[in-house]
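Asks: Just so it is clear, I am handing over coords36.pdb, which has PDB, C-alpha atoms.
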ATOM      1  CA  MET A   1     -34.797  42.514 -37.979  1.00  0.00           C
ATOM      2  CA  ARG A   2     -31.851  41.348 -40.042  1.00  0.00           C
ATOM      3  CA  CYS A   3     -28.872  39.359 -38.819  1.00  0.00           C
ATOM      4  CA  LEU A   4     -25.806  41.590 -38.516  1.00  0.00           C
ATOM      5  CA  MET A   5     -23.662  38.938 -40.147  1.00  0.00           C
ATOM      6  CA  CYS A   6     -25.700  37.399 -42.988  1.00  0.00           C
ATOM      7  CA  GLU A   7     -28.608  39.883 -43.258  1.00  0.00           C
ATOM      8  CA  ARG A   8     -31.286  37.169 -43.146  1.00  0.00           C
ATOM      9  CA  PHE A   9     -34.448  37.920 -41.212  1.00  0.00           C
ATOM     10  CA  THR A  10     -34.240  36.788 -37.594  1.00  0.00           C
ATOM     11  CA  LEU A  11     -35.566  37.502 -34.113  1.00  0.00           C
ATOM     12  CA  TRP A  12     -32.020  38.005 -32.844  1.00  0.00           C
ATOM     13  CA  HIS A  13     -29.281  40.482 -33.705  1.00  0.00           C
ATOM     14  CA  ILE A  14     -27.229  37.518 -34.928  1.00  0.00           C
ATOM     15  CA  CYS A  15     -29.201  34.559 -36.258  1.00  0.00           C
ATOM     16  CA  THR A  16     -28.755  31.112 -34.743  1.00  0.00           C
ATOM     17  CA  THR A  17     -27.144  29.815 -37.950  1.00  0.00           C
ATOM     18  CA  CYS A  18     -24.439  32.506 -37.847  1.00  0.00           C
ATOM     19  CA  GLN A  19     -23.977  31.960 -34.125  1.00  0.00           C
ATOM     20  CA  LYS A  20     -23.385  28.273 -34.756  1.00  0.00           C
ATOM     21  CA  ASN A  21     -21.244  28.621 -37.886  1.00  0.00           C
ATOM     22  CA  LEU A  22     -19.382  31.890 -37.315  1.00  0.00           C
ATOM     23  CA  LEU A  23     -19.325  32.319 -33.548  1.00  0.00           C
ATOM     24  CA  SER A  24     -18.218  28.888 -32.497  1.00  0.00           C
ATOM     25  CA  PRO A  25     -15.412  29.472 -29.970  1.00  0.00           C
ATOM     26  CA  SER A  26     -11.905  28.078 -30.360  1.00  0.00           C
ATOM     27  CA  LEU A  27     -10.002  28.307 -27.091  1.00  0.00           C
ATOM     28  CA  HIS A  28      -6.611  30.038 -27.136  1.00  0.00           C
ATOM     29  CA  LYS A  29      -4.256  30.156 -24.149  1.00  0.00           C
ATOM     30  CA  ARG A  30      -1.328  32.353 -23.214  1.00  0.00           C
ATOM     31  CA  SER A  31       0.275  33.319 -19.925  1.00  0.00           C
ATOM     32  CA  ILE A  32       0.930  36.627 -18.202  1.00  0.00           C
ATOM     33  CA  LEU A  33       3.008  37.336 -15.100  1.00  0.00           C
ATOM     34  CA  GLY A  34       4.979  34.181 -15.817  1.00  0.00           C
ATOM     35  CA  SER A  35       2.341  31.513 -15.268  1.00  0.00           C
ATOM     36  CA  LEU A  36      -1.128  33.091 -14.977  1.00  0.00           C
ATOM     37  CA  PRO A  37      -3.229  31.552 -17.781  1.00  0.00           C
ATOM     38  CA  VAL A  38      -5.347  33.805 -19.998  1.00  0.00           C
ATOM     39  CA  TYR A  39      -7.961  31.956 -22.058  1.00  0.00           C
ATOM     40  CA  SER A  40      -9.582  33.624 -25.054  1.00  0.00           C
ATOM     41  CA  PHE A  41     -12.460  32.250 -27.081  1.00  0.00           C
ATOM     42  CA  TYR A  42     -12.231  33.980 -30.472  1.00  0.00           C
ATOM     43  CA  PRO A  43      -9.506  35.248 -32.793  1.00  0.00           C
ATOM     44  CA  TYR A  44      -9.608  39.034 -32.744  1.00  0.00           C
ATOM     45  CA  ASP A  45      -9.997  39.370 -36.513  1.00  0.00           C
ATOM     46  CA  ALA A  46     -13.033  37.051 -36.491  1.00  0.00           C
ATOM     47  CA  ILE A  47     -15.071  39.265 -34.141  1.00  0.00           C
ATOM     48  CA  GLU A  48     -13.436  42.701 -34.367  1.00  0.00           C
ATOM     49  CA  SER A  49     -16.540  44.420 -35.784  1.00  0.00           C
ATOM     50  CA  LEU A  50     -18.673  42.878 -33.023  1.00  0.00           C
ATOM     51  CA  LEU A  51     -16.248  43.989 -30.303  1.00  0.00           C
ATOM     52  CA  LEU A  52     -16.391  47.545 -31.599  1.00  0.00           C
ATOM     53  CA  THR A  53     -20.102  47.707 -30.711  1.00  0.00           C
ATOM     54  CA  LYS A  54     -19.316  47.728 -26.966  1.00  0.00           C
ATOM     55  CA  HIS A  55     -20.015  51.439 -26.490  1.00  0.00           C
ATOM     56  CA  THR A  56     -23.269  51.427 -28.464  1.00  0.00           C
ATOM     57  CA  ASP A  57     -26.806  50.394 -27.567  1.00  0.00           C
ATOM     58  CA  ILE A  58     -26.642  47.303 -29.756  1.00  0.00           C
ATOM     59  CA  GLY A  59     -23.392  46.259 -28.081  1.00  0.00           C
ATOM     60  CA  PHE A  60     -25.308  45.033 -25.044  1.00  0.00           C
ATOM     61  CA  TYR A  61     -27.085  42.422 -27.188  1.00  0.00           C
ATOM     62  CA  ILE A  62     -23.956  41.490 -29.135  1.00  0.00           C
ATOM     63  CA  TYR A  63     -21.930  40.988 -25.946  1.00  0.00           C
ATOM     64  CA  LYS A  64     -24.745  38.852 -24.477  1.00  0.00           C
ATOM     65  CA  ILE A  65     -24.636  36.634 -27.572  1.00  0.00           C
ATOM     66  CA  LEU A  66     -20.842  36.351 -27.482  1.00  0.00           C
ATOM     67  CA  ALA A  67     -20.920  35.586 -23.747  1.00  0.00           C
ATOM     68  CA  LYS A  68     -23.665  32.966 -24.140  1.00  0.00           C
ATOM     69  CA  ASN A  69     -21.661  31.143 -26.811  1.00  0.00           C
ATOM     70  CA  SER A  70     -18.349  31.202 -24.932  1.00  0.00           C
ATOM     71  CA  LEU A  71     -18.206  32.161 -21.246  1.00  0.00           C
ATOM     72  CA  SER A  72     -21.529  30.536 -20.324  1.00  0.00           C
ATOM     73  CA  VAL A  73     -20.420  27.279 -21.912  1.00  0.00           C
ATOM     74  CA  PHE A  74     -17.095  27.514 -20.066  1.00  0.00           C
ATOM     75  CA  SER A  75     -18.821  28.029 -16.700  1.00  0.00           C
ATOM     76  CA  ARG A  76     -21.130  25.042 -17.205  1.00  0.00           C
ATOM     77  CA  GLU A  77     -18.288  22.711 -18.191  1.00  0.00           C
ATOM     78  CA  TRP A  78     -15.523  23.967 -15.892  1.00  0.00           C
ATOM     79  CA  GLN A  79     -14.635  21.520 -13.146  1.00  0.00           C
ATOM     80  CA  TYR A  80     -13.016  23.066 -10.081  1.00  0.00           C
ATOM     81  CA  LYS A  81     -13.263  22.017  -6.458  1.00  0.00           C
ATOM     82  CA  ASN A  82     -13.462  25.442  -4.786  1.00  0.00           C
ATOM     83  CA  LYS A  83     -15.939  28.278  -4.937  1.00  0.00           C
ATOM     84  CA  VAL A  84     -14.400  31.196  -6.824  1.00  0.00           C
ATOM     85  CA  ALA A  85     -15.283  34.828  -7.512  1.00  0.00           C
ATOM     86  CA  SER A  86     -15.328  36.293 -10.995  1.00  0.00           C
ATOM     87  CA  LEU A  87     -14.621  39.981 -11.491  1.00  0.00           C
ATOM     88  CA  GLY A  88     -15.115  42.029 -14.628  1.00  0.00           C
ATOM     89  CA  ILE A  89     -12.253  44.442 -15.211  1.00  0.00           C
ATOM     90  CA  ASP A  90     -13.451  47.984 -14.514  1.00  0.00           C
ATOM     91  CA  ASP A  91     -17.173  47.242 -14.857  1.00  0.00           C
ATOM     92  CA  ASN A  92     -18.260  50.889 -14.876  1.00  0.00           C
ATOM     93  CA  SER A  93     -21.344  51.605 -16.943  1.00  0.00           C
ATOM     94  CA  LYS A  94     -20.592  53.414 -20.154  1.00  0.00           C
ATOM     95  CA  SER A  95     -23.258  53.952 -22.805  1.00  0.00           C
ATOM     96  CA  GLY A  96     -25.915  52.623 -20.439  1.00  0.00           C
ATOM     97  CA  TYR A  97     -24.281  49.287 -19.537  1.00  0.00           C
ATOM     98  CA  SER A  98     -20.933  47.704 -18.704  1.00  0.00           C
ATOM     99  CA  HIS A  99     -19.685  45.254 -21.315  1.00  0.00           C
ATOM    100  CA  THR A 100     -17.442  43.496 -18.767  1.00  0.00           C
ATOM    101  CA  ALA A 101     -20.416  43.115 -16.389  1.00  0.00           C
ATOM    102  CA  VAL A 102     -22.386  41.443 -19.209  1.00  0.00           C
ATOM    103  CA  LEU A 103     -19.503  39.003 -19.734  1.00  0.00           C
ATOM    104  CA  ASN A 104     -19.042  38.435 -16.001  1.00  0.00           C
ATOM    105  CA  ARG A 105     -22.744  37.741 -15.415  1.00  0.00           C
ATOM    106  CA  SER A 106     -22.609  34.877 -17.919  1.00  0.00           C
ATOM    107  CA  LEU A 107     -20.190  32.976 -15.639  1.00  0.00           C
ATOM    108  CA  GLN A 108     -22.749  32.446 -12.847  1.00  0.00           C
ATOM    109  CA  SER A 109     -22.663  28.744 -11.939  1.00  0.00           C
ATOM    110  CA  HIS A 110     -22.543  26.355  -8.994  1.00  0.00           C
ATOM    111  CA  ASN A 111     -18.920  27.263  -8.208  1.00  0.00           C
ATOM    112  CA  ILE A 112     -18.467  30.727  -9.795  1.00  0.00           C
ATOM    113  CA  THR A 113     -19.980  33.815  -8.171  1.00  0.00           C
ATOM    114  CA  PRO A 114     -19.799  37.001 -10.247  1.00  0.00           C
ATOM    115  CA  TYR A 115     -19.166  40.209  -8.309  1.00  0.00           C
ATOM    116  CA  TYR A 116     -19.576  43.732  -9.613  1.00  0.00           C
ATOM    117  CA  GLY A 117     -17.766  46.946  -8.752  1.00  0.00           C
ATOM    118  CA  LYS A 118     -14.996  45.145  -6.868  1.00  0.00           C
ATOM    119  CA  ILE A 119     -12.078  46.332  -9.006  1.00  0.00           C
ATOM    120  CA  ARG A 120     -12.420  49.747 -10.618  1.00  0.00           C
ATOM    121  CA  ALA A 121      -9.944  51.924 -12.486  1.00  0.00           C
ATOM    122  CA  THR A 122      -9.325  55.425 -11.204  1.00  0.00           C
ATOM    123  CA  GLN A 123      -7.567  56.471 -14.407  1.00  0.00           C
ATOM    124  CA  GLU A 124      -9.600  56.599 -17.634  1.00  0.00           C
ATOM    125  CA  TYR A 125      -6.687  56.442 -20.100  1.00  0.00           C
ATOM    126  CA  LYS A 126      -7.744  54.842 -23.402  1.00  0.00           C
ATOM    127  CA  TYR A 127      -5.502  51.867 -24.217  1.00  0.00           C
ATOM    128  CA  ALA A 128      -6.844  51.170 -27.719  1.00  0.00           C
ATOM    129  CA  GLY A 129      -4.047  51.397 -30.280  1.00  0.00           C
ATOM    130  CA  LYS A 130      -1.397  52.221 -27.659  1.00  0.00           C
ATOM    131  CA  THR A 131       2.017  50.576 -27.325  1.00  0.00           C
ATOM    132  CA  LEU A 132       3.083  48.488 -24.356  1.00  0.00           C
ATOM    133  CA  GLU A 133       5.266  51.363 -23.137  1.00  0.00           C
ATOM    134  CA  GLU A 134       2.293  53.770 -23.233  1.00  0.00           C
ATOM    135  CA  ARG A 135       0.123  51.271 -21.389  1.00  0.00           C
ATOM    136  CA  ILE A 136       2.740  50.652 -18.698  1.00  0.00           C
ATOM    137  CA  GLY A 137       3.312  54.406 -18.354  1.00  0.00           C
ATOM    138  CA  ASN A 138      -0.415  54.961 -17.765  1.00  0.00           C
ATOM    139  CA  PRO A 139      -1.593  52.294 -15.322  1.00  0.00           C
ATOM    140  CA  ARG A 140      -5.296  51.912 -14.540  1.00  0.00           C
ATOM    141  CA  LYS A 141      -4.679  52.515 -10.826  1.00  0.00           C
ATOM    142  CA  PHE A 142      -7.363  50.090  -9.724  1.00  0.00           C
ATOM    143  CA  ILE A 143      -9.136  50.340  -6.399  1.00  0.00           C
ATOM    144  CA  TYR A 144     -10.329  47.229  -4.599  1.00  0.00           C
ATOM    145  CA  SER A 145     -13.528  46.478  -2.678  1.00  0.00           C
ATOM    146  CA  PRO A 146     -13.564  43.342  -0.478  1.00  0.00           C
ATOM    147  CA  PHE A 147     -15.365  40.073  -1.218  1.00  0.00           C
ATOM    148  CA  LYS A 148     -15.218  36.715   0.580  1.00  0.00           C
ATOM    149  CA  GLU A 149     -13.768  34.210  -1.929  1.00  0.00           C
ATOM    150  CA  GLU A 150      -9.987  33.759  -1.919  1.00  0.00           C
ATOM    151  CA  GLU A 151      -9.672  32.577  -5.541  1.00  0.00           C
ATOM    152  CA  VAL A 152     -10.595  34.772  -8.487  1.00  0.00           C
ATOM    153  CA  ILE A 153     -11.251  34.658 -12.227  1.00  0.00           C
ATOM    154  CA  LEU A 154     -10.651  37.969 -14.009  1.00  0.00           C
ATOM    155  CA  VAL A 155     -12.869  38.786 -17.001  1.00  0.00           C
ATOM    156  CA  ASP A 156     -12.272  41.255 -19.852  1.00  0.00           C
ATOM    157  CA  ASP A 157     -13.311  41.536 -23.469  1.00  0.00           C
ATOM    158  CA  ILE A 158      -9.879  41.802 -25.136  1.00  0.00           C
ATOM    159  CA  VAL A 159      -6.335  41.013 -24.069  1.00  0.00           C
ATOM    160  CA  THR A 160      -3.594  42.733 -26.053  1.00  0.00           C
ATOM    161  CA  THR A 161      -0.426  43.211 -24.023  1.00  0.00           C
ATOM    162  CA  GLY A 162      -1.869  41.779 -20.806  1.00  0.00           C
ATOM    163  CA  SER A 163      -1.003  44.916 -18.829  1.00  0.00           C
ATOM    164  CA  THR A 164      -4.554  45.543 -17.565  1.00  0.00           C
ATOM    165  CA  LEU A 165      -5.065  41.951 -16.399  1.00  0.00           C
ATOM    166  CA  SER A 166      -1.564  41.926 -14.862  1.00  0.00           C
ATOM    167  CA  GLU A 167      -2.180  45.130 -12.927  1.00  0.00           C
ATOM    168  CA  ALA A 168      -5.519  43.799 -11.626  1.00  0.00           C
ATOM    169  CA  ALA A 169      -3.989  40.432 -10.656  1.00  0.00           C
ATOM    170  CA  GLU A 170      -1.122  42.122  -8.814  1.00  0.00           C
ATOM    171  CA  LEU A 171      -3.524  44.337  -6.845  1.00  0.00           C
ATOM    172  CA  LEU A 172      -5.661  41.350  -5.878  1.00  0.00           C
ATOM    173  CA  GLY A 173      -2.530  39.451  -4.824  1.00  0.00           C
ATOM    174  CA  LYS A 174      -1.648  42.296  -2.449  1.00  0.00           C
ATOM    175  CA  GLN A 175      -5.144  41.880  -0.951  1.00  0.00           C
ATOM    176  CA  GLY A 176      -4.541  38.181  -0.251  1.00  0.00           C
ATOM    177  CA  LYS A 177      -6.543  36.963  -3.253  1.00  0.00           C
ATOM    178  CA  LYS A 178      -5.249  34.443  -5.798  1.00  0.00           C
ATOM    179  CA  VAL A 179      -6.140  34.971  -9.451  1.00  0.00           C
ATOM    180  CA  ILE A 180      -6.315  31.440 -10.858  1.00  0.00           C
ATOM    181  CA  LEU A 181      -7.085  32.380 -14.464  1.00  0.00           C
ATOM    182  CA  CYS A 182      -8.292  35.136 -16.765  1.00  0.00           C
ATOM    183  CA  LEU A 183     -11.015  34.874 -19.406  1.00  0.00           C
ATOM    184  CA  THR A 184     -11.375  37.157 -22.411  1.00  0.00           C
ATOM    185  CA  LEU A 185     -13.497  37.053 -25.514  1.00  0.00           C
ATOM    186  CA  SER A 186     -10.542  37.712 -27.768  1.00  0.00           C
ATOM    187  CA  ASP A 187      -6.742  37.843 -27.849  1.00  0.00           C
ATOM    188  CA  ALA A 188      -5.400  40.681 -30.003  1.00  0.00           C
ATOM    189  CA  GLU A 189      -1.721  39.897 -29.376  1.00  0.00           C
ATOM    190  CA  ASN A 190      -0.921  38.786 -32.925  1.00  0.00           C
ATOM    191  CA  ARG A 191      -3.162  40.983 -35.016  1.00  0.00           C
TER
END
For this file, produce the structure as structure tokens.
Replies:
Amino acid sequence: MRCLMCERFTLWHICTTCQKNLLSPSLHKRSILGSLPVYSFYPYDAIESLLLTKHTDIGFYIYKILAKNSLSVFSREWQYKNKVASLGIDDNSKSGYSHTAVLNRSLQSHNITPYYGKIRATQEYKYAGKTLEERIGNPRKFIYSPFKEEEVILVDDIVTTGSTLSEAAELLGKQGKKVILCLTLSDAENR
């Protein structure tokens, strides 16, 4: 097959050269809810076309590559004393897989345990291209399923306004859980 980025022949959807040269993460941080850190690995414009594959068959492979080059590295290098849970935001399967579950799975490590189906949206409103007011007026209305860890990492593919992550963090707080940080592939705040 051909690399999606450079069109050279490769065994992977994105060749190792492009992964190294074009998909090398550069950590970006912002805060939501006052002090909750949100870390993103790529500028939105750099991976926009790859993010748009999430509801296609090939998206599964693209998201695995992006996760391997960013979230997996983070989980191996992250030093934290407690065992924490990681939760993908609304990890319902669409198009045969859940892109947030793919990202969440890549965090498995000695002190991070990924959980699935623990925070699910009951409202399917599409946030893409919507204003902050529209997003706030149409909350996800998450439902919670219990898990044992007290501290949590939230995982999503894109953060724009931060409303989805904020709503999830607030719900978990009401359940006695503490969201210590959020991880996303990309921050679209300044696009």
Asks: Just say which residues the PyMOL selection byres ((chain A and resi 54-63) around 8) picks in this file, as an MDAnalysis selection string.
Replies: chainID A and resid 13:14 50:53 64:67 94:97 99 102:103
Asks: For a test of reading the model, state the distance in Å between CA of Ile153 (chain A) and CA of Ser98 (chain A), rounded to one decimal.
Replies: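 Computing it gives 17.5 Å between the two atoms.
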Asks: Between A:Trp12, A:Ala121, A:Tyr115, A:Leu185, which has the minimum distance to Asn69 (chain A) (counting all atoms listed in the file)?
Replies: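 Of the candidates, the smallest distance to Asn69 (chain A) is held by A:Leu185.
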Asks: Report as an mmCIF file with C-alpha atoms, in the frame of the given file the residues that result from applying the PyMOL selection byres ((chain A and resi 141) around 10) to the structure here.
Replies:
data_model
loop_
_atom_site.group_PDB
_atom_site.id
_atom_site.type_symbol
_atom_site.label_atom_id
_atom_site.label_comp_id
_atom_site.auth_asym_id
_atom_site.auth_seq_id
_atom_site.Cartn_x
_atom_site.Cartn_y
_atom_site.Cartn_z
ATOM 1 C CA ILE A 119 -12.078 46.332 -9.006
ATOM 2 C CA ARG A 120 -12.420 49.747 -10.618
ATOM 3 C CA ALA A 121 -9.944 51.924 -12.486
ATOM 4 C CA THR A 122 -9.325 55.425 -11.204
ATOM 5 C CA GLN A 123 -7.567 56.471 -14.407
ATOM 6 C CA GLU A 124 -9.600 56.599 -17.634
ATOM 7 C CA ASN A 138 -0.415 54.961 -17.765
ATOM 8 C CA PRO A 139 -1.593 52.294 -15.322
ATOM 9 C CA ARG A 140 -5.296 51.912 -14.540
ATOM 10 C CA PHE A 142 -7.363 50.090 -9.724
ATOM 11 C CA ILE A 143 -9.136 50.340 -6.399
ATOM 12 C CA TYR A 144 -10.329 47.229 -4.599
ATOM 13 C CA THR A 164 -4.554 45.543 -17.565
ATOM 14 C CA GLU A 167 -2.180 45.130 -12.927
ATOM 15 C CA ALA A 168 -5.519 43.799 -11.626
ATOM 16 C CA LEU A 171 -3.524 44.337 -6.845
#
Asks: Which residue gives the smallest distance to Thr113 (chain A) among A:Glu189, A:Glu134, A:Glu151, A:Glu170, with all atoms listed in the file counted?
Replies: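 Among the listed residues, A:Glu151 lies closest to Thr113 (chain A).
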Asks: In terms of the shortest atom-to-atom distance over only C-alpha atoms, which of A:Ala188, A:Leu154, A:Cys15, A:Leu23 is closest to Asp90 (chain A)?
Replies: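 Of all the options, A:Leu154 lies closest to Asp90 (chain A).
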Asks: CA of Tyr80 (chain A) and CA of Asn92 (chain A), how far apart in Å?
Replies: 28.7 Å
Asks: Rounded to one decimal, what separation in Å do you get between CA of Leu71 (chain A) and CA of Phe9 (chain A)?
Replies: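 Answer for the CA of Leu71 (chain A) to CA of Phe9 (chain A) separation: 26.4 Å.
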Asks: Work out where the centre of an axis-aligned box around every listed atom of region 108-125 of chain A lies and how long its edges are once 5 Å is added on each side; give both in Å to one decimal as AutoDock Vina command-line options.
Replies:
--center_x -14.7 --center_y 41.5 --center_z -13.5 --size_x 26.1 --size_y 40.2 --size_z 23.2
Asks: Just want the 7 Å neighbourhood of Leu107 (chain A), counted on all atoms listed in the file, with same-chain residues fewer than 6 positions away dropped. Output as an MDAnalysis selection string.
Replies: chainID A and resid 71:72 75 114
Asks: Once the PyMOL selection byres ((chain A and resi 178) around 9) has been applied to the shown file, what residues remain in the selection, as a list in words?
Replies: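 Selected by the PyMOL selection byres ((chain A and resi 178) around 9) in this file: Glu150, Glu151, Val152, Ile153, Ala169, Leu172, Gly173, Gln175, Gly176, Lys177, Val179 and Ile180 of chain A.
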Asks: Taking all atoms listed in the file into account, which of A:Asn111, A:Ser186, A:Leu33, A:Gln19 comes nearest Ser163 (chain A)?
Replies: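 Distance minimum relative to Ser163 (chain A) lands on A:Leu33.
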Asks: Using all atoms listed in the file, pick whichever of A:Cys18, A:Lys118, A:Glu149, A:Arg135 has the shortest atom-to-atom distance to Asn82 (chain A).
Replies: A:Glu149
Asks: Would you list the residues near (-1.7, 35.3, -20.5), meaning any protein, DNA or RNA residue with an atom at most 12 Å from that point in file coordinates, counting all atoms listed in the file, as JSON, numbers by chain?
Replies: {"A": [28, 29, 30, 31, 32, 33, 34, 35, 36, 37, 38, 39, 40, 154, 158, 159, 160, 161, 162, 163, 164, 165, 166, 169, 179, 180, 181, 182, 183, 184, 186, 187, 188, 189]}
Asks: Of the candidates A:Ser86, A:Gln79, A:Thr16, A:Thr10, which shows the shortest atom-to-atom distance to Tyr116 (chain A), using only C-alpha atoms?
Replies: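 Once distances to Tyr116 (chain A) are computed over only C-alpha atoms, the minimum belongs to A:Ser86.
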